[in-house]
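Enquirer: What follows is query17.txt; its format and atoms are compact mmCIF, C-alpha atoms.
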```
# COMPACT_ATOMS: atom_id res chain seq x y z
CA MET U 135 -31.39 -15.76 93.82
CA ASN U 136 -29.48 -18.67 95.33
CA THR U 137 -30.72 -21.17 92.78
CA VAL U 138 -28.09 -23.19 90.95
CA MET U 139 -28.70 -23.22 87.20
CA LYS U 140 -27.90 -26.07 84.81
CA GLY U 141 -24.16 -26.29 84.22
CA GLN U 142 -23.40 -24.48 87.50
CA GLU U 143 -23.50 -27.55 89.77
CA GLY U 144 -20.64 -27.71 92.25
CA MET U 145 -20.35 -23.92 92.35
CA ASP U 146 -20.95 -22.00 95.58
CA PRO U 147 -24.19 -20.02 94.94
CA LYS U 148 -23.09 -17.50 97.59
CA LEU U 149 -20.01 -16.69 95.52
CA LEU U 150 -22.15 -15.95 92.45
CA GLU U 151 -24.53 -13.86 94.54
CA ASP U 152 -21.62 -11.84 96.04
CA MET U 153 -20.05 -11.22 92.63
CA LEU U 154 -23.42 -10.11 91.20
CA GLN U 155 -23.88 -7.70 94.12
CA GLU U 156 -20.40 -6.32 93.49
CA HIS U 157 -21.18 -5.93 89.79
CA HIS U 158 -24.45 -4.13 90.62
CA ARG U 159 -22.72 -1.82 93.09
CA ALA U 160 -20.09 -0.90 90.53
CA ASN U 161 -22.68 -0.11 87.88
CA LEU U 162 -25.38 1.34 90.12
CA ALA U 163 -24.81 4.98 89.18
CA LEU U 164 -25.01 4.16 85.46
CA VAL U 165 -28.13 2.03 85.87
CA VAL U 166 -29.81 4.78 87.92
CA LEU U 167 -28.93 7.42 85.34
CA ALA U 168 -30.21 5.23 82.52
CA GLU U 169 -33.43 4.45 84.40
CA LEU U 170 -34.04 8.14 85.04
CA ARG U 171 -34.46 8.87 81.35
CA LYS U 172 -38.05 8.52 82.58
CA GLU U 173 -39.05 10.60 85.61
CA HIS U 174 -39.18 8.73 88.93
CA CYS U 175 -39.34 9.44 92.63
CA GLY U 176 -36.97 7.47 94.88
CA TYR U 177 -39.64 4.93 95.83
CA THR U 178 -40.76 4.08 92.28
CA LEU U 179 -37.15 4.05 91.08
CA ARG U 180 -36.24 1.50 93.74
CA LYS U 181 -39.23 -0.66 92.75
CA GLY U 182 -38.35 -0.32 89.07
CA LEU U 183 -34.72 -1.35 89.62
CA ALA U 184 -35.80 -4.35 91.68
CA ALA U 185 -38.23 -5.46 88.97
CA ALA U 186 -35.94 -4.82 85.97
CA TYR U 187 -32.53 -5.87 87.31
CA GLY U 188 -33.28 -7.80 90.51
CA MET U 189 -31.32 -5.13 92.39
CA ALA U 190 -32.38 -4.72 96.02
CA ILE U 191 -31.05 -1.27 96.81
CA GLU U 192 -31.21 0.12 100.31
CA ASP U 193 -32.38 3.68 100.95
CA GLY U 194 -29.01 4.36 102.56
CA THR U 195 -27.37 3.71 99.17
CA LEU U 196 -29.98 5.04 96.74
CA TYR U 197 -30.83 8.47 98.13
CA PRO U 198 -27.26 9.66 98.81
CA LEU U 199 -26.41 8.49 95.26
CA LEU U 200 -29.32 10.49 93.80
CA ARG U 201 -28.20 13.61 95.68
CA ARG U 202 -24.59 13.09 94.56
CA LEU U 203 -25.58 12.72 90.91
CA GLU U 204 -27.80 15.77 91.20
CA SER U 205 -25.00 17.84 92.76
CA LYS U 206 -22.83 16.89 89.75
CA GLY U 207 -25.53 18.21 87.44
CA LEU U 208 -26.35 14.81 85.92
CA LEU U 209 -29.85 14.74 87.41
CA GLU U 210 -32.46 17.37 88.13
CA SER U 211 -35.27 17.14 90.65
CA GLU U 212 -38.33 18.95 91.88
CA TRP U 213 -41.04 18.51 94.50
CA GLN U 214 -44.36 17.27 93.15
CA GLU U 215 -47.74 16.91 94.84
CA GLU U 216 -49.61 13.62 94.55
CA GLY U 217 -52.62 12.54 96.58
CA GLY U 218 -51.94 15.27 99.14
CA ARG U 219 -48.35 14.11 99.59
CA ARG U 220 -45.14 15.71 98.36
CA LYS U 221 -42.55 13.61 96.58
CA ARG U 222 -39.21 14.44 95.03
CA ALA U 223 -39.16 13.53 91.33
CA TYR U 224 -35.85 12.96 89.55
CA ARG U 225 -35.01 12.89 85.84
CA LEU U 226 -31.89 12.87 83.71
CA SER U 227 -30.68 16.40 83.01
CA ARG U 228 -29.46 17.63 79.63
CA MET U 229 -25.91 17.24 80.90
CA GLY U 230 -26.77 13.74 82.12
CA LYS U 231 -27.94 12.77 78.62
CA LEU U 232 -24.71 14.11 77.09
CA PHE U 233 -22.73 12.26 79.77
CA LEU U 234 -24.43 8.91 79.05
CA LYS U 235 -23.90 9.35 75.30
CA ALA U 236 -20.21 10.14 75.77
CA PHE U 237 -19.74 7.40 78.36
CA PHE U 238 -21.32 4.61 76.31
CA SER U 239 -19.41 5.58 73.18
CA LYS U 240 -16.19 5.45 75.24
CA ILE U 241 -16.92 1.96 76.57
CA ALA U 242 -18.21 0.53 73.28
CA VAL U 243 -15.09 -1.63 72.83
CA GLU U 244 -15.34 -2.92 76.40
CA VAL U 245 -19.04 -3.75 75.91
CA ARG U 246 -18.27 -5.69 72.70
CA HIS U 247 -15.63 -7.64 74.63
CA ILE U 248 -18.14 -8.39 77.40
CA HIS U 249 -20.66 -9.54 74.75
CA SER U 250 -18.11 -11.98 73.36
CA LEU U 251 -17.45 -13.25 76.89
CA VAL U 252 -21.20 -13.68 77.49
CA GLU U 253 -21.49 -15.70 74.29
CA GLU U 254 -18.46 -17.81 75.20
CA PHE U 255 -19.63 -18.65 78.73
CA SER U 256 -23.42 -18.82 78.40
CA MET J 23 -54.20 4.77 107.79
CA ARG J 24 -55.07 4.57 111.48
CA ALA J 25 -54.08 7.61 113.54
CA ASP J 26 -51.89 5.58 115.96
CA CYS J 27 -49.94 4.09 113.03
CA LYS J 28 -49.48 7.53 111.46
CA ASP J 29 -48.14 8.71 114.80
CA LEU J 30 -45.60 5.85 114.88
CA VAL J 31 -44.28 6.70 111.42
CA SER J 32 -44.09 10.43 112.24
CA ARG J 33 -42.21 9.67 115.48
CA TYR J 34 -39.75 7.51 113.55
CA TRP J 35 -38.90 10.25 111.04
CA GLN J 36 -38.71 12.87 113.78
CA ALA J 37 -36.06 10.68 115.45
CA VAL J 38 -34.14 10.41 112.15
CA ARG J 39 -34.30 14.19 111.71
CA SER J 40 -32.93 14.88 115.19
CA ASP J 41 -29.93 12.57 114.51
CA LEU J 42 -29.23 13.85 111.01
CA GLN J 43 -26.48 16.48 110.83
CA ASP J 44 -26.67 17.74 107.28
CA PRO J 45 -27.51 21.14 105.73
CA GLN J 46 -30.13 19.32 103.62
CA ALA J 47 -31.58 17.39 106.57
CA ASP J 48 -35.16 18.69 106.10
CA ARG J 49 -35.18 17.79 102.41
CA ILE J 50 -33.72 14.33 103.07
CA VAL J 51 -36.24 13.47 105.79
CA GLU J 52 -39.18 14.80 103.78
CA GLU J 53 -38.10 12.77 100.76
CA LEU J 54 -37.50 9.54 102.68
CA SER J 55 -40.65 9.84 104.77
CA GLY J 56 -42.64 10.65 101.59
CA ALA J 57 -41.33 7.44 100.01
CA MET J 58 -42.37 5.47 103.09
CA TRP J 59 -45.88 6.99 103.13
CA LEU J 60 -46.26 6.01 99.44
CA GLU J 61 -45.10 2.47 100.18
CA LEU J 62 -47.47 2.08 103.14
CA ALA J 63 -50.36 3.46 101.06
CA ASP J 64 -49.51 0.92 98.29
CA GLN J 65 -49.52 -1.90 100.85
CA GLU J 66 -52.92 -0.82 102.21
CA GLU J 67 -54.32 -0.66 98.69
CA GLU J 68 -53.03 -4.16 97.94
CA LEU J 69 -54.47 -5.55 101.20
CA GLY J 70 -57.72 -3.60 100.85
CA ARG J 71 -57.55 -2.56 104.53
CA ASP J 72 -55.62 -0.39 106.95
CA LEU J 73 -52.27 -1.73 108.16
CA THR J 74 -52.24 -2.92 111.75
CA GLU J 75 -49.92 -1.45 114.35
CA ASP J 76 -47.80 -4.65 114.30
CA GLU J 77 -47.39 -4.43 110.52
CA VAL J 78 -46.29 -0.79 110.72
CA VAL J 79 -43.86 -1.61 113.54
CA ALA J 80 -42.41 -4.48 111.45
CA ARG J 81 -41.98 -2.12 108.46
CA LEU J 82 -40.23 0.50 110.62
CA LYS J 83 -37.95 -2.10 112.15
CA ALA J 84 -37.02 -3.25 108.64
CA GLU J 85 -35.96 0.34 107.90
CA LYS J 86 -33.16 0.17 110.54
CA HIS J 87 -32.70 2.26 113.68
CA PRO J 88 -33.15 6.04 113.19
CA LEU J 89 -29.52 6.60 114.19
CA VAL J 90 -28.33 4.20 111.45
CA VAL J 91 -30.59 5.81 108.82
CA ALA J 92 -29.29 9.27 109.81
CA ALA J 93 -25.69 8.06 109.60
CA GLU J 94 -26.25 6.53 106.15
CA GLN J 95 -27.96 9.61 104.75
CA GLY J 96 -25.69 12.23 106.25
CA PRO J 97 -22.14 13.07 105.26
CA GLN J 98 -19.50 10.47 106.13
CA ILE J 99 -17.51 12.15 108.89
CA SER J 100 -14.81 10.68 111.10
CA LEU J 101 -12.25 11.95 113.56
CA ILE J 102 -9.58 9.59 112.22
CA GLY J 103 -10.11 8.17 108.73
CA PRO J 104 -9.40 4.65 107.47
CA LEU J 105 -5.96 5.66 106.21
CA LEU J 106 -4.47 6.49 109.60
CA TYR J 107 -6.74 4.32 111.73
CA PRO J 108 -4.51 1.16 111.62
CA SER J 109 -1.46 3.18 112.83
CA TYR J 110 -3.60 4.88 115.47
CA LEU J 111 -4.92 1.52 116.66
CA ARG J 112 -1.40 0.05 116.80
CA LEU J 113 -0.09 2.91 118.98
CA LEU J 114 -3.24 2.79 121.10
CA LYS J 115 -2.58 -0.90 121.69
CA TRP J 116 0.90 -0.07 122.97
CA ILE J 117 -0.52 2.58 125.30
CA GLY J 118 -3.06 0.03 126.50
CA ILE J 119 -0.33 -2.53 127.17
CA ALA J 120 1.85 0.06 128.97
CA SER J 121 -1.11 1.18 131.10
CA LEU J 122 -2.01 -2.41 131.92
CA VAL J 123 1.57 -3.23 132.92
CA TRP J 124 1.65 -0.11 135.04
CA LEU J 125 -1.69 -0.96 136.64
CA VAL J 126 -0.39 -4.42 137.55
CA VAL J 127 2.87 -2.97 138.95
CA LEU J 128 1.07 -0.28 140.94
CA GLY J 129 -1.57 -2.77 142.09
CA GLY J 130 1.24 -5.00 143.30
CA PHE J 131 2.82 -2.09 145.17
CA ALA J 132 -0.51 -1.13 146.73
CA ILE J 133 -1.05 -4.67 147.95
CA PHE J 134 2.47 -5.56 149.10
CA VAL J 135 4.12 -2.26 150.12
CA PRO J 136 3.02 -1.51 153.70
CA SER J 137 3.94 2.20 153.60
CA ILE J 138 1.34 2.84 150.86
CA GLN J 139 -1.35 1.07 152.89
CA VAL J 140 -0.47 3.16 155.95
CA LYS J 141 -0.35 6.41 153.96
CA HIS J 142 -3.72 5.88 152.24
CA PRO J 143 -5.83 3.71 154.55
CA GLY J 144 -8.91 2.38 152.82
CA LEU J 145 -8.24 4.22 149.56
CA GLN J 146 -4.75 2.90 148.98
CA TYR J 147 -5.66 1.05 145.78
CA VAL J 148 -7.48 3.93 144.11
CA GLU J 149 -4.82 6.44 145.18
CA ALA J 150 -1.90 4.22 144.25
CA LEU J 151 -3.34 3.43 140.82
CA ARG J 152 -3.92 7.09 139.97
CA PRO J 153 -0.65 7.63 138.00
CA ALA J 154 -1.54 4.73 135.70
CA TRP J 155 -5.00 6.15 134.97
CA GLU J 156 -3.56 9.60 134.43
CA PHE J 157 -0.97 8.17 132.03
CA ALA J 158 -3.59 6.12 130.15
CA PHE J 159 -6.13 8.94 129.73
CA SER J 160 -3.64 11.69 128.90
CA SER J 161 -1.79 9.46 126.37
CA PHE J 162 -5.10 8.43 124.79
CA ALA J 163 -6.25 12.06 124.52
CA LEU J 164 -2.92 13.28 123.14
CA LEU J 165 -2.64 10.44 120.61
CA THR J 166 -6.23 10.97 119.41
CA ALA J 167 -5.70 14.73 119.05
CA VAL J 168 -2.43 14.26 117.11
CA PHE J 169 -3.99 11.70 114.75
CA ALA J 170 -7.10 13.85 114.23
CA LEU J 171 -4.83 16.74 113.19
CA LEU J 172 -2.72 14.45 110.98
CA ASP J 173 -5.92 13.20 109.34
CA ARG J 174 -6.82 16.80 108.35
CA TRP J 175 -3.38 17.30 106.78
CA LYS J 176 -2.90 13.89 105.23
CA ALA J 177 -4.24 14.83 101.76
CA LYS J 178 -1.52 17.44 101.34
CA ALA J 179 1.20 15.28 102.89
CA LEU J 180 0.37 12.19 100.82
CA GLY J 181 0.13 14.17 97.58
CA GLU J 182 3.83 14.99 97.70
CA TRP J 183 5.89 11.84 97.99
CA ASP J 184 8.86 10.32 96.24
CA PRO J 185 9.38 6.53 95.95
CA ARG J 186 13.16 7.18 96.14
CA LYS J 187 12.72 8.47 99.69
CA LEU J 188 11.15 5.23 100.99
CA PRO J 189 13.38 3.43 103.53
CA ALA J 190 15.81 0.86 102.16
CA VAL J 191 14.81 -2.83 102.26
CA ARG J 192 16.23 -4.40 105.40
CA THR J 193 16.21 -7.79 107.05
CA GLU J 194 14.77 -8.48 110.48
CA ALA J 195 18.34 -8.69 111.81
CA GLU J 196 19.02 -5.10 110.80
CA VAL J 197 18.38 -2.22 113.20
CA PRO J 198 17.31 0.96 111.33
CA ARG J 199 20.08 3.57 111.58
CA SER J 200 17.43 6.28 112.18
CA SER J 201 16.19 4.56 115.36
CA SER J 202 19.79 4.05 116.57
CA LEU J 203 20.46 7.76 115.97
CA ILE J 204 17.34 8.80 117.93
CA SER J 205 18.36 6.40 120.70
CA LEU J 206 21.90 7.86 120.74
CA ILE J 207 20.61 11.45 121.01
CA LEU J 208 18.03 10.66 123.72
CA ASN J 209 20.41 8.55 125.83
CA SER J 210 23.21 11.15 125.53
CA ILE J 211 20.84 13.92 126.73
CA LEU J 212 19.67 11.70 129.60
CA LEU J 213 23.28 10.86 130.53
CA LEU J 214 24.34 14.52 130.52
CA TRP J 215 21.28 15.40 132.59
CA TRP J 216 21.97 12.57 135.04
CA VAL J 217 25.58 13.68 135.70
CA GLY J 218 24.50 17.33 136.04
CA VAL J 219 26.19 18.73 132.89
CA PHE J 220 22.87 19.48 131.25
CA ARG J 221 19.96 21.03 133.18
CA ALA J 222 16.34 20.91 132.11
CA PRO J 223 14.87 24.42 131.58
CA THR J 224 13.00 25.67 134.64
CA VAL J 225 10.82 28.64 135.54
CA ALA J 226 12.68 31.46 137.32
CA GLY J 227 12.46 31.09 141.10
CA TRP J 228 11.66 27.39 140.86
CA LYS J 229 14.09 24.55 141.39
CA VAL J 230 12.99 20.96 140.73
CA LEU J 231 15.39 18.10 141.59
CA LEU J 232 15.07 14.36 141.96
CA THR J 233 14.99 13.44 145.63
CA PRO J 234 18.34 12.13 147.06
CA GLU J 235 16.54 8.94 148.15
CA VAL J 236 16.46 8.05 144.43
CA THR J 237 19.66 9.68 143.13
CA ARG J 238 21.94 8.39 145.94
CA PRO J 239 21.43 4.60 145.66
CA PHE J 240 20.79 4.61 141.89
CA PHE J 241 23.38 7.10 140.66
CA TRP J 242 26.06 4.64 139.54
CA PRO J 243 23.71 1.90 138.24
CA ILE J 244 21.75 4.39 136.11
CA PHE J 245 24.95 6.13 135.01
CA GLY J 246 26.35 2.75 133.92
CA MET J 247 23.15 1.76 132.14
CA LEU J 248 22.92 5.05 130.21
CA LEU J 249 26.62 4.84 129.26
CA VAL J 250 26.15 1.30 127.91
CA LEU J 251 23.05 2.41 125.95
CA VAL J 252 24.97 5.32 124.42
CA VAL J 253 27.79 2.99 123.36
CA VAL J 254 25.35 0.38 121.95
CA SER J 255 23.41 3.05 119.99
CA ALA J 256 26.62 4.51 118.54
CA ALA J 257 27.89 1.02 117.63
CA SER J 258 24.51 0.19 116.00
CA ILE J 259 24.86 3.19 113.69
CA LEU J 260 28.22 1.92 112.49
CA TRP J 261 27.20 -1.76 112.45
CA PRO J 262 23.36 -2.08 112.17
CA TRP J 263 23.23 -5.88 111.79
CA ARG J 264 22.37 -7.98 114.83
CA SER J 265 23.68 -11.51 114.73
CA ARG J 266 22.17 -13.96 117.24
CA PRO J 267 25.04 -13.50 119.81
CA LEU J 268 24.83 -9.68 119.48
CA ALA J 269 21.05 -9.80 119.86
CA GLY J 270 21.59 -11.93 123.00
CA ILE J 271 23.91 -9.29 124.50
CA CYS J 272 21.40 -6.50 123.67
CA LEU J 273 18.60 -8.57 125.21
CA GLY J 274 20.67 -8.90 128.40
CA ILE J 275 21.23 -5.11 128.52
CA ASP J 276 17.49 -4.45 128.02
CA LEU J 277 16.66 -6.98 130.75
CA LEU J 278 19.05 -5.30 133.20
CA GLY J 279 17.53 -1.90 132.32
CA LEU J 280 14.03 -3.28 132.90
CA ILE J 281 15.01 -4.63 136.34
CA LEU J 282 16.84 -1.40 137.28
CA LEU J 283 13.89 0.83 136.40
CA PHE J 284 11.58 -1.56 138.24
CA LEU J 285 13.71 -1.08 141.37
CA VAL J 286 13.56 2.72 140.86
CA LEU J 287 9.76 2.51 140.60
CA LEU J 288 9.62 0.27 143.67
CA THR J 289 11.66 2.82 145.65
CA GLY J 290 9.68 5.75 144.24
CA PHE J 291 6.36 4.32 145.34
CA GLN J 292 7.53 4.03 148.92
CA LEU J 293 8.45 7.71 149.02
CA PRO J 294 5.97 10.55 149.53
CA THR J 295 7.40 12.29 146.43
CA LEU J 296 10.06 11.62 143.81
CA VAL J 297 11.10 15.26 143.41
CA GLU J 298 12.18 18.11 145.62
CA VAL J 299 10.65 21.42 144.66
CA LYS J 300 12.28 24.60 145.97
CA ALA J 301 10.40 27.85 145.35
CA PRO J 302 10.88 30.26 148.29
CA SER J 303 8.62 32.96 146.83
CA SER J 304 5.68 30.60 146.12
CA SER J 305 2.91 29.35 148.40
CA PRO J 306 3.22 25.86 149.96
CA GLY J 307 0.02 24.90 148.11
CA ASP J 308 1.56 25.71 144.71
CA VAL J 309 4.75 23.87 145.65
CA ALA J 310 2.71 20.80 146.67
CA VAL J 311 0.79 20.79 143.35
CA VAL J 312 3.98 21.17 141.27
CA SER J 313 5.70 18.53 143.38
CA ARG J 314 2.80 16.13 142.76
CA LEU J 315 2.75 16.81 139.00
CA MET J 316 6.53 16.46 138.62
CA SER J 317 6.46 13.28 140.66
CA VAL J 318 3.82 11.80 138.32
CA ALA J 319 5.90 13.00 135.33
CA ALA J 320 9.02 11.27 136.72
CA LEU J 321 7.09 8.06 137.33
CA SER J 322 5.61 8.29 133.82
CA ALA J 323 9.08 8.70 132.34
CA ALA J 324 10.30 5.64 134.25
CA MET J 325 7.26 3.69 133.04
CA VAL J 326 7.87 4.74 129.42
CA GLY J 327 11.46 3.52 129.91
CA GLU J 328 10.10 0.18 131.12
CA VAL J 329 7.97 -0.12 127.96
CA PHE J 330 10.99 0.67 125.75
CA PHE J 331 13.08 -1.97 127.51
CA ALA J 332 10.25 -4.51 127.24
CA TYR J 333 9.92 -3.74 123.51
CA GLY J 334 13.71 -4.09 123.11
CA ILE J 335 13.58 -7.51 124.79
CA TYR J 336 10.75 -8.57 122.46
CA GLN J 337 12.62 -7.38 119.33
CA ASN J 338 15.90 -9.03 120.32
CA ALA J 339 14.12 -12.25 121.30
CA ARG J 340 12.57 -12.31 117.80
CA ARG J 341 16.04 -11.86 116.29
CA ILE J 342 17.42 -14.71 118.41
CA PHE J 343 14.60 -17.17 117.78
CA ARG J 344 13.85 -16.37 114.12
CA ARG J 345 13.79 -19.54 112.01
CA SER J 346 15.40 -18.15 108.90
CA PRO J 347 16.25 -14.61 107.89
CA HIS J 348 13.78 -13.33 105.31
CA THR J 349 14.23 -10.38 103.04
CA LEU J 350 12.26 -8.43 100.42
CA ALA J 351 15.42 -7.79 98.44
CA PRO J 352 15.47 -9.47 95.01
```
Any chance you could give the structure as structure tokens?

Expert:
Amino acid sequence: MNTVMKGQEGMDPKLLEDMLQEHHRANLALVVLAELRKEHCGYTLRKGLAAAYGMAIEDGTLYPLLRRLESKGLLESEWQEEGGRRKRAYRLSRMGKLFLKAFFSKIAVEVRHIHSLVEEFS
Amino acid sequence: MRADCKDLVSRYWQAVRSDLQDPQADRIVEELSGAMWLELADQEEELGRDLTEDEVVARLKAEKHPLVVAAEQGPQISLIGPLLYPSYLRLLKWIGIASLVWLVVLGGFAIFVPSIQVKHPGLQYVEALRPAWEFAFSSFALLTAVFALLDRWKAKALGEWDPRKLPAVRTEAEVPRSSSLISLILNSILLLWWVGVFRAPTVAGWKVLLTPEVTRPFFWPIFGMLLVLVVVSAASILWPWRSRPLAGICLGIDLLGLILLFLVLLTGFQLPTLVEVKAPSSSPGDVAVVSRLMSVAALSAAMVGEVFFAYGIYQNARRIFRRSPHTLAP
């Protein structure tokens, strides 16, 4: 992650890494909700987030977040049996889907602004 | 997976469970341990063999100590939250400094005052230092309890506030009128008590007085000091600004107070007790216990006075040696 890309010479890679971590932390709940459109247990969700977004999430962050989102009714979960072992599977609830729809329509202007910034700086 | 490795993983999660204080503790541990079993099974499938004990130990160590995992997964609880913690720490620091000063003073007495060495042969240091420990522990316990209670009530208290009620902007040279008023009230009560006009409430049948060995030689010096403090407090309410010369005079008064109370402490530590307890209908044992407690209370009060004078010296020294007055006023 600490590689310096072309055009970024002279910049502290640690600073970029810290800002990315901060950005991930701020958006973690949204990313988790979006990822759980498809059913996952905590372990496969963590692997999926690492592969898709490069987010290394600790158990101490992920599982309390899953329980918090579930207690708000945005997720639903159930125990499932696989290979003789029980695992807790999570998926987006009906309310969670409505929430994401409402949320993304609310931030549409902000997202367009971020897109223009991405185009300007990339 | 090998049986000894399975045992290691089970022991780890049992330790997490025993440290986890949460109504959903069983669910949390089952879910987390299930995720770890899946991960270990994936690793074994990738390697095409069972994991070794060292590999399992390395994986468990990467997962953090069971106590840390339990703390991360459980509810975030604290006796004093981050909002009040800085104030708590600041006051605790003052108690620490006061206790340390007292320990040094008492240690000095224990070493250099022969009567203490004769009275407590062998144990003179431990015995002589006892009031300082008692002060430190009781202040620490009281402060922690008060802040823990404040922390429970803070949400309500902080919800109702008015920016117009915030204290006015003042310069470093300005003494808050509220602190001068508190000082005036406290010093007036102490002065009235010292001259015998005001008496502290006592239990019926009990009479507690300062011993004449303290009141006789120190009556006029303490009377004078309290009178000056009353006058200075009253003057500070009318004129709260401290110029450098005024701050110098106040520093001198605080220094004299510090020396005077030090002499009182020095005398007090050479006496068997600082108070006389008269209770004809009570047992000598009860009288001795009350006498001891009141003596410690009197010494504690003198020590608190020493801290106040030391703080006054520090504040006035800052006013004298400040480079340039700074203000937040526009």

Enquirer: Got a sec: who's within 12 Å of Met325 of chain J, counting all atoms listed in the file, leaving out chain neighbours fewer than 3 positions off, as a CSV table (one decimal) with C-alpha atoms, in the frame of the given file?

Expert:
```
chain,number,residue,atom,x,y,z
J,117,ILE,CA,-0.5,2.6,125.3
J,119,ILE,CA,-0.3,-2.5,127.2
J,120,ALA,CA,1.8,0.1,129.0
J,121,SER,CA,-1.1,1.2,131.1
J,122,LEU,CA,-2.0,-2.4,131.9
J,123,VAL,CA,1.6,-3.2,132.9
J,124,TRP,CA,1.6,-0.1,135.0
J,125,LEU,CA,-1.7,-1.0,136.6
J,127,VAL,CA,2.9,-3.0,139.0
J,128,LEU,CA,1.1,-0.3,140.9
J,153,PRO,CA,-0.6,7.6,138.0
J,154,ALA,CA,-1.5,4.7,135.7
J,157,PHE,CA,-1.0,8.2,132.0
J,158,ALA,CA,-3.6,6.1,130.2
J,279,GLY,CA,17.5,-1.9,132.3
J,280,LEU,CA,14.0,-3.3,132.9
J,281,ILE,CA,15.0,-4.6,136.3
J,282,LEU,CA,16.8,-1.4,137.3
J,283,LEU,CA,13.9,0.8,136.4
J,284,PHE,CA,11.6,-1.6,138.2
J,285,LEU,CA,13.7,-1.1,141.4
J,286,VAL,CA,13.6,2.7,140.9
J,287,LEU,CA,9.8,2.5,140.6
J,288,LEU,CA,9.6,0.3,143.7
J,290,GLY,CA,9.7,5.8,144.2
J,318,VAL,CA,3.8,11.8,138.3
J,319,ALA,CA,5.9,13.0,135.3
J,320,ALA,CA,9.0,11.3,136.7
J,321,LEU,CA,7.1,8.1,137.3
J,322,SER,CA,5.6,8.3,133.8
J,328,GLU,CA,10.1,0.2,131.1
J,329,VAL,CA,8.0,-0.1,128.0
J,330,PHE,CA,11.0,0.7,125.8
J,331,PHE,CA,13.1,-2.0,127.5
J,332,ALA,CA,10.2,-4.5,127.2
```

Enquirer: Given the point (-2.9, 0.8, 120.0) in the coordinates of this file, which residues lie within 12 Å, counting only C-alpha atoms, and how would they look as JSON, numbers by chain?

Expert: {"J": [106, 107, 108, 109, 110, 111, 112, 113, 114, 115, 116, 117, 118, 119, 120, 121, 158, 161, 162, 165, 166]}

Enquirer: Taking only C-alpha atoms into account and nothing else, which residues of chain U lie no more than 12 Å away from chain J? Please answer as a ChimeraX atom specification.

Expert: /U:174-181,192-202,211-224

Enquirer: Measuring between only C-alpha atoms, which one of J:Ala256, J:Leu296, J:Val197, J:Met23 shows the shortest distance to Gly70 of chain J?

Expert: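 Using only C-alpha atoms, Gly70 of chain J sits closest to J:Met23.
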
Enquirer: Take atom CA of Arg174 of chain J and atom CA of Pro104 of chain J and report the distance between them in Å, one decimal.

Expert: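 About the pair atom CA of Arg174 of chain J and atom CA of Pro104 of chain J: they are 12.5 Å apart.
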
Enquirer: Could you check the closest approach to Asp276 of chain J for each of J:Pro45, J:Gly129, J:Pro185, J:Gly334 and tell me which residue wins, using all atoms listed in the file?

Expert: J:Gly334

Enquirer: Between J:Cys27, J:Thr237, J:Ile335, J:Trp216, which residue has the minimum interatomic distance to Val297 of chain J, considering all atoms listed in the file?

Expert: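 Looking only at the distances to Val297 of chain J, the closest residue turns out to be J:Thr237.
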
Enquirer: Using all atoms listed in the file, which residues sit within 12 Å of Ile271 of chain J once same-chain residues fewer than 2 positions away are excluded, as a list of chain:residue names?

Expert: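 With the cut-off at 12 Å, the set is J:Val250, J:Leu251, J:Val254, J:Arg264, J:Ser265, J:Arg266, J:Pro267, J:Leu268, J:Ala269, J:Leu273, J:Gly274, J:Ile275, J:Asp276, J:Leu277, J:Leu278, J:Gly334, J:Ile335, J:Asn338, J:Ala339, J:Arg341, J:Ile342.
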
Enquirer: Those residues you just picked out, can you put them in a file as a PDB file, in the coordinates of the input with C-alpha atoms?

Expert:
```pdb
ATOM      1  CA  VAL J 250      26.150   1.300 127.910  1.00  0.00           C
ATOM      2  CA  LEU J 251      23.050   2.410 125.950  1.00  0.00           C
ATOM      3  CA  VAL J 254      25.350   0.380 121.950  1.00  0.00           C
ATOM      4  CA  ARG J 264      22.370  -7.980 114.830  1.00  0.00           C
ATOM      5  CA  SER J 265      23.680 -11.510 114.730  1.00  0.00           C
ATOM      6  CA  ARG J 266      22.170 -13.960 117.240  1.00  0.00           C
ATOM      7  CA  PRO J 267      25.040 -13.500 119.810  1.00  0.00           C
ATOM      8  CA  LEU J 268      24.830  -9.680 119.480  1.00  0.00           C
ATOM      9  CA  ALA J 269      21.050  -9.800 119.860  1.00  0.00           C
ATOM     10  CA  LEU J 273      18.600  -8.570 125.210  1.00  0.00           C
ATOM     11  CA  GLY J 274      20.670  -8.900 128.400  1.00  0.00           C
ATOM     12  CA  ILE J 275      21.230  -5.110 128.520  1.00  0.00           C
ATOM     13  CA  ASP J 276      17.490  -4.450 128.020  1.00  0.00           C
ATOM     14  CA  LEU J 277      16.660  -6.980 130.750  1.00  0.00           C
ATOM     15  CA  LEU J 278      19.050  -5.300 133.200  1.00  0.00           C
ATOM     16  CA  GLY J 334      13.710  -4.090 123.110  1.00  0.00           C
ATOM     17  CA  ILE J 335      13.580  -7.510 124.790  1.00  0.00           C
ATOM     18  CA  ASN J 338      15.900  -9.030 120.320  1.00  0.00           C
ATOM     19  CA  ALA J 339      14.120 -12.250 121.300  1.00  0.00           C
ATOM     20  CA  ARG J 341      16.040 -11.860 116.290  1.00  0.00           C
ATOM     21  CA  ILE J 342      17.420 -14.710 118.410  1.00  0.00           C
TER      22      ILE J 342
END
```
